[in-house]
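Asks: One file is attached below, final14.pdb, containing PDB, C-alpha atoms.
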```
ATOM      1  CA  GLN A   1       0.445  -8.931  13.120
ATOM      2  CA  VAL A   2       0.256  -7.933   9.483
ATOM      3  CA  GLN A   3       1.257 -10.256   6.662
ATOM      4  CA  LEU A   4       2.371  -8.728   3.370
ATOM      5  CA  VAL A   5       2.696 -10.567   0.061
ATOM      6  CA  GLU A   6       4.228  -8.787  -2.906
ATOM      7  CA  SER A   7       3.903  -9.483  -6.604
ATOM      8  CA  GLY A   8       4.634  -7.852  -9.919
ATOM      9  CA  GLY A   9       8.397  -7.562 -10.202
ATOM     10  CA  GLY A  10      10.388  -8.667 -13.219
ATOM     11  CA  LEU A  11      12.676  -7.713 -16.054
ATOM     12  CA  VAL A  12      11.823  -4.763 -18.264
ATOM     13  CA  GLN A  13      13.635  -2.606 -20.793
ATOM     14  CA  ALA A  14      14.444   1.009 -20.063
ATOM     15  CA  GLY A  15      11.408   3.170 -20.704
ATOM     16  CA  GLY A  16       9.014   0.381 -19.834
ATOM     17  CA  SER A  17       6.522   0.004 -17.007
ATOM     18  CA  LEU A  18       5.806  -2.352 -14.148
ATOM     19  CA  ARG A  19       3.154  -2.431 -11.458
ATOM     20  CA  LEU A  20       3.929  -3.830  -8.047
ATOM     21  CA  SER A  21       1.220  -5.046  -5.685
ATOM     22  CA  CYS A  22       1.313  -5.771  -1.971
ATOM     23  CA  ALA A  23      -1.609  -7.626  -0.421
ATOM     24  CA  ALA A  24      -2.012  -7.231   3.326
ATOM     25  CA  SER A  25      -3.829  -9.481   5.771
ATOM     26  CA  GLY A  26      -4.152  -9.686   9.516
ATOM     27  CA  ARG A  27      -4.520  -6.652  11.766
ATOM     28  CA  THR A  28      -4.737  -4.058   9.030
ATOM     29  CA  GLY A  29      -7.092  -1.704  10.821
ATOM     30  CA  GLY A  30      -5.807   1.458  12.433
ATOM     31  CA  PRO A  31      -3.315   4.138  11.419
ATOM     32  CA  TYR A  32      -0.472   3.010   9.209
ATOM     33  CA  ARG A  33       1.999   4.662   6.911
ATOM     34  CA  LEU A  34       2.257   2.530   3.793
ATOM     35  CA  GLY A  35       5.372   2.590   1.695
ATOM     36  CA  TRP A  36       7.617   1.073  -0.915
ATOM     37  CA  TYR A  37      11.323   0.813  -0.118
ATOM     38  CA  ARG A  38      13.998  -0.298  -2.521
ATOM     39  CA  GLN A  39      17.521  -1.573  -2.124
ATOM     40  CA  ALA A  40      20.004  -1.675  -4.973
ATOM     41  CA  PRO A  41      23.155  -3.834  -4.787
ATOM     42  CA  GLY A  42      25.724  -2.263  -2.499
ATOM     43  CA  LYS A  43      23.379   0.535  -1.429
ATOM     44  CA  GLU A  44      21.253   1.254   1.592
ATOM     45  CA  ARG A  45      17.533   0.659   1.540
ATOM     46  CA  GLU A  46      15.666   3.838   0.656
ATOM     47  CA  LEU A  47      12.055   4.903   0.899
ATOM     48  CA  ALA A  48      10.906   5.408  -2.677
ATOM     49  CA  ALA A  49       7.277   6.323  -2.033
ATOM     50  CA  SER A  50       4.844   6.453   0.863
ATOM     51  CA  ILE A  51       1.243   7.304   1.596
ATOM     52  CA  MET A  52      -1.048   7.647   4.563
ATOM     53  CA  ARG A  53      -4.564   6.339   4.105
ATOM     54  CA  GLY A  54      -6.549   9.259   2.751
ATOM     55  CA  GLY A  55      -3.402  11.360   2.553
ATOM     56  CA  THR A  56      -1.061  12.783  -0.055
ATOM     57  CA  PRO A  57       1.665  10.560  -1.466
ATOM     58  CA  THR A  58       5.321  11.454  -1.089
ATOM     59  CA  TYR A  59       8.175  10.407  -3.336
ATOM     60  CA  THR A  60      11.928  10.491  -3.310
ATOM     61  CA  ASP A  61      13.197  12.955  -5.904
ATOM     62  CA  SER A  62      14.555  10.322  -8.266
ATOM     63  CA  VAL A  63      11.123   8.783  -8.895
ATOM     64  CA  LYS A  64       8.900  11.864  -8.893
ATOM     65  CA  GLY A  65       6.782  12.094 -12.016
ATOM     66  CA  ARG A  66       7.457   8.449 -12.915
ATOM     67  CA  PHE A  67       6.138   6.391  -9.981
ATOM     68  CA  THR A  68       2.657   6.460  -8.468
ATOM     69  CA  ILE A  69       1.776   4.913  -5.131
ATOM     70  CA  SER A  70      -1.841   4.064  -4.362
ATOM     71  CA  THR A  71      -3.902   1.915  -2.065
ATOM     72  CA  ASP A  72      -7.190   0.069  -2.359
ATOM     73  CA  GLU A  73      -8.590  -1.481   0.817
ATOM     74  CA  ASN A  74      -5.752  -3.779   1.923
ATOM     75  CA  THR A  75      -3.638  -3.704  -1.220
ATOM     76  CA  LEU A  76      -0.800  -1.291  -1.876
ATOM     77  CA  TYR A  77       0.359  -0.576  -5.409
ATOM     78  CA  LEU A  78       3.339   1.036  -7.074
ATOM     79  CA  GLN A  79       2.940   1.953 -10.724
ATOM     80  CA  MET A  80       6.373   2.504 -12.225
ATOM     81  CA  ASN A  81       6.652   4.184 -15.621
ATOM     82  CA  SER A  82       9.600   5.384 -17.684
ATOM     83  CA  LEU A  83      11.827   2.954 -15.851
ATOM     84  CA  LYS A  84      15.567   3.510 -15.843
ATOM     85  CA  PRO A  85      18.458   1.103 -15.225
ATOM     86  CA  GLU A  86      19.111   2.895 -11.936
ATOM     87  CA  ASP A  87      15.674   1.778 -10.740
ATOM     88  CA  THR A  88      17.009  -1.769 -10.596
ATOM     89  CA  ALA A  89      16.603  -2.978  -7.018
ATOM     90  CA  VAL A  90      14.712  -5.264  -4.718
ATOM     91  CA  TYR A  91      11.473  -3.517  -3.814
ATOM     92  CA  TYR A  92       9.926  -4.037  -0.383
ATOM     93  CA  CYS A  93       6.420  -3.225   0.730
ATOM     94  CA  ASN A  94       6.275  -1.705   4.205
ATOM     95  CA  TRP A  95       3.470  -1.016   6.649
ATOM     96  CA  ARG A  96       4.491   1.090   9.642
ATOM     97  CA  ARG A  97       2.036   1.200  12.526
ATOM     98  CA  LEU A  98       2.022   4.821  13.612
ATOM     99  CA  LEU A  99       1.235   4.328  17.284
ATOM    100  CA  THR A 100       4.141   1.951  17.903
ATOM    101  CA  ALA A 101       6.456   2.561  14.915
ATOM    102  CA  ARG A 102       6.459  -1.181  14.360
ATOM    103  CA  ASP A 103       7.375  -2.172  10.812
ATOM    104  CA  TYR A 104       5.949  -5.001   8.761
ATOM    105  CA  TRP A 105       7.724  -6.039   5.571
ATOM    106  CA  GLY A 106       6.913  -7.915   2.421
ATOM    107  CA  GLN A 107       9.263 -10.569   1.120
ATOM    108  CA  GLY A 108      10.737  -8.305  -1.556
ATOM    109  CA  THR A 109      10.423  -8.467  -5.305
ATOM    110  CA  GLN A 110      13.218  -7.979  -7.830
ATOM    111  CA  VAL A 111      12.893  -5.257 -10.447
ATOM    112  CA  THR A 112      15.539  -5.279 -13.155
ATOM    113  CA  VAL A 113      15.673  -2.594 -15.837
ATOM    114  CA  SER A 114      17.918  -3.290 -18.802
ATOM    115  CA  SER A 115      19.473  -0.550 -20.902
TER     116      SER A 115
END
```
Starting from the file, give its structure as structure tokens.
Replies:
Amino acid sequence: QVQLVESGGGLVQAGGSLRLSCAASGRTGGPYRLGWYRQAPGKERELAASIMRGGTPTYTDSVKGRFTISTDENTLYLQMNSLKPEDTAVYYCNWRRLLTARDYWGQGTQVTVSS
């Protein structure tokens, strides 16, 4: 089992920045894909950014050049710059164990960007 605890969401004006953190504990060893999903009201959850340990990050087109995903030991980060109102969503940290495709989720953190 992996436990994930998120922090760092909040309310910010358009053009501002936020940094999300996701602290992992439990069975964190082994191959995982680490990612940040987001779900806006009335929309499906989408994968905003992901990274393999020691690998190259990937981003959905709408956040490229503005968001940066990184990891440090057992903490996953998402630095969000130049935020837009359309970035408003609940953001979820995700660890996917590669061997089993089992997903672990954080509790979600609200990000609200005002215009």
Asks: Apply the PyMOL selection byres ((chain A and resi 52-58) around 9) to the structure shown and report the selected residues as a PyMOL selection string.
Replies: chain A and resi 31-35+48-51+59-60+64+68-71
Asks: Could you state the separation of CA of Ala40 (chain A) and CA of Glu86 (chain A) in Å, given to one decimal place?
Replies: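 Pair CA of Ala40 (chain A) / CA of Glu86 (chain A) returns 8.4 Å.
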Asks: Which polymer residues, whether protein, DNA or RNA, lie within 9 Å of the coordinate (10.8, -7.2, -5.8) when you count only C-alpha atoms? List them as a PyMOL selection string, using the chain letters and numbers from the file.
Replies: chain A and resi 6-10+20+38+89-93+107-112
Asks: Rounded to one decimal, what separation in Å do you get between CA of Gly42 (chain A) and CA of Thr88 (chain A)?
Replies: 11.9 Å
Asks: Applying 6 Å and only C-alpha atoms, which residues near Ala23 (chain A) remain after dropping the ones on its own chain fewer than 2 positions away? List them as a list in words.
Replies: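 Returned residues: Leu4, Val5 and Thr75 of chain A.
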Asks: List as a PyMOL selection string the protein and nucleic acid residues near Asn94 (chain A), meaning an atom at most 8 Å away when all atoms listed in the file are counted, but skip any in the same chain fewer than 2 places from it.
Replies: chain A and resi 34-37+92+96+103-106
Asks: Return as an mmCIF file with C-alpha atoms, in the coordinates of the input the set of residues that the PyMOL selection byres ((chain A and resi 28) around 9) yields on the displayed structure.
Replies:
```
data_model
loop_
_atom_site.group_PDB
_atom_site.id
_atom_site.type_symbol
_atom_site.label_atom_id
_atom_site.label_comp_id
_atom_site.auth_asym_id
_atom_site.auth_seq_id
_atom_site.Cartn_x
_atom_site.Cartn_y
_atom_site.Cartn_z
ATOM 1 C CA GLN A 1 0.445 -8.931 13.120
ATOM 2 C CA VAL A 2 0.256 -7.933 9.483
ATOM 3 C CA GLN A 3 1.257 -10.256 6.662
ATOM 4 C CA ALA A 24 -2.012 -7.231 3.326
ATOM 5 C CA SER A 25 -3.829 -9.481 5.771
ATOM 6 C CA GLY A 26 -4.152 -9.686 9.516
ATOM 7 C CA ARG A 27 -4.520 -6.652 11.766
ATOM 8 C CA GLY A 29 -7.092 -1.704 10.821
ATOM 9 C CA GLY A 30 -5.807 1.458 12.433
ATOM 10 C CA PRO A 31 -3.315 4.138 11.419
ATOM 11 C CA TYR A 32 -0.472 3.010 9.209
ATOM 12 C CA ASN A 74 -5.752 -3.779 1.923
#
```
Asks: As an exercise, work out the distance from CA of Ser114 (chain A) to CA of Asp87 (chain A) in Å and give it to one decimal place.
Replies: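 Taking CA of Ser114 (chain A) and CA of Asp87 (chain A), their separation equals 9.8 Å.
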Asks: With distances taken over only C-alpha atoms, which residue among A:Arg102, A:Lys84, A:Arg45, A:Arg66 lies nearest Leu11 (chain A)?
Replies: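 Checking each candidate against Leu11 (chain A), we get A:Lys84 as the closest.
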Asks: For region 48-67 of chain A, which lacks atoms in the input, supply N, CA and C atoms and format the output as an mmCIF file, keeping the file's coordinate frame.
Replies:
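result.cif was written with the following content:
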```
data_model
loop_
_atom_site.group_PDB
_atom_site.id
_atom_site.type_symbol
_atom_site.label_atom_id
_atom_site.label_comp_id
_atom_site.auth_asym_id
_atom_site.auth_seq_id
_atom_site.Cartn_x
_atom_site.Cartn_y
_atom_site.Cartn_z
ATOM 1 N N ALA A 48 11.186 4.860 -1.357
ATOM 2 C CA ALA A 48 10.906 5.408 -2.677
ATOM 3 C C ALA A 48 9.596 6.183 -2.707
ATOM 4 N N ALA A 49 8.589 5.680 -2.022
ATOM 5 C CA ALA A 49 7.277 6.323 -2.033
ATOM 6 C C ALA A 49 6.509 5.906 -0.796
ATOM 7 N N SER A 50 5.653 6.793 -0.304
ATOM 8 C CA SER A 50 4.844 6.453 0.863
ATOM 9 C C SER A 50 3.521 7.196 0.803
ATOM 10 N N ILE A 51 2.567 6.687 1.565
ATOM 11 C CA ILE A 51 1.243 7.304 1.596
ATOM 12 C C ILE A 51 0.569 6.949 2.906
ATOM 13 N N MET A 52 -0.171 7.910 3.433
ATOM 14 C CA MET A 52 -1.048 7.647 4.563
ATOM 15 C C MET A 52 -2.433 7.421 3.985
ATOM 16 N N ARG A 53 -3.199 6.571 4.598
ATOM 17 C CA ARG A 53 -4.564 6.339 4.105
ATOM 18 C C ARG A 53 -5.316 7.668 4.071
ATOM 19 N N GLY A 54 -5.828 8.004 2.910
ATOM 20 C CA GLY A 54 -6.549 9.259 2.751
ATOM 21 C C GLY A 54 -5.649 10.468 2.645
ATOM 22 N N GLY A 55 -4.337 10.249 2.581
ATOM 23 C CA GLY A 55 -3.402 11.360 2.553
ATOM 24 C C GLY A 55 -2.739 11.540 1.203
ATOM 25 N N THR A 56 -1.778 12.462 1.172
ATOM 26 C CA THR A 56 -1.061 12.783 -0.055
ATOM 27 C C THR A 56 0.193 11.933 -0.156
ATOM 28 N N PRO A 57 0.448 11.364 -1.319
ATOM 29 C CA PRO A 57 1.665 10.560 -1.466
ATOM 30 C C PRO A 57 2.918 11.419 -1.419
ATOM 31 N N THR A 58 4.021 10.806 -1.017
ATOM 32 C CA THR A 58 5.321 11.454 -1.089
ATOM 33 C C THR A 58 6.275 10.528 -1.820
ATOM 34 N N TYR A 59 7.233 11.151 -2.509
ATOM 35 C CA TYR A 59 8.175 10.407 -3.336
ATOM 36 C C TYR A 59 9.585 10.932 -3.144
ATOM 37 N N THR A 60 10.560 10.026 -3.254
ATOM 38 C CA THR A 60 11.928 10.491 -3.310
ATOM 39 C C THR A 60 12.136 11.168 -4.664
ATOM 40 N N ASP A 61 13.058 12.128 -4.710
ATOM 41 C CA ASP A 61 13.197 12.955 -5.904
ATOM 42 C C ASP A 61 13.432 12.146 -7.176
ATOM 43 N N SER A 62 14.168 11.065 -7.066
ATOM 44 C CA SER A 62 14.555 10.322 -8.266
ATOM 45 C C SER A 62 13.396 9.618 -8.951
ATOM 46 N N VAL A 63 12.259 9.480 -8.283
ATOM 47 C CA VAL A 63 11.123 8.783 -8.895
ATOM 48 C C VAL A 63 9.929 9.702 -9.133
ATOM 49 N N LYS A 64 10.017 10.940 -8.709
ATOM 50 C CA LYS A 64 8.900 11.864 -8.893
ATOM 51 C C LYS A 64 8.551 12.001 -10.363
ATOM 52 N N GLY A 65 7.245 11.966 -10.639
ATOM 53 C CA GLY A 65 6.782 12.094 -12.016
ATOM 54 C C GLY A 65 6.788 10.794 -12.786
ATOM 55 N N ARG A 66 7.392 9.741 -12.222
ATOM 56 C CA ARG A 66 7.457 8.449 -12.915
ATOM 57 C C ARG A 66 6.734 7.349 -12.140
ATOM 58 N N PHE A 67 6.767 7.415 -10.830
ATOM 59 C CA PHE A 67 6.138 6.391 -9.981
ATOM 60 C C PHE A 67 4.873 6.957 -9.353
#
```
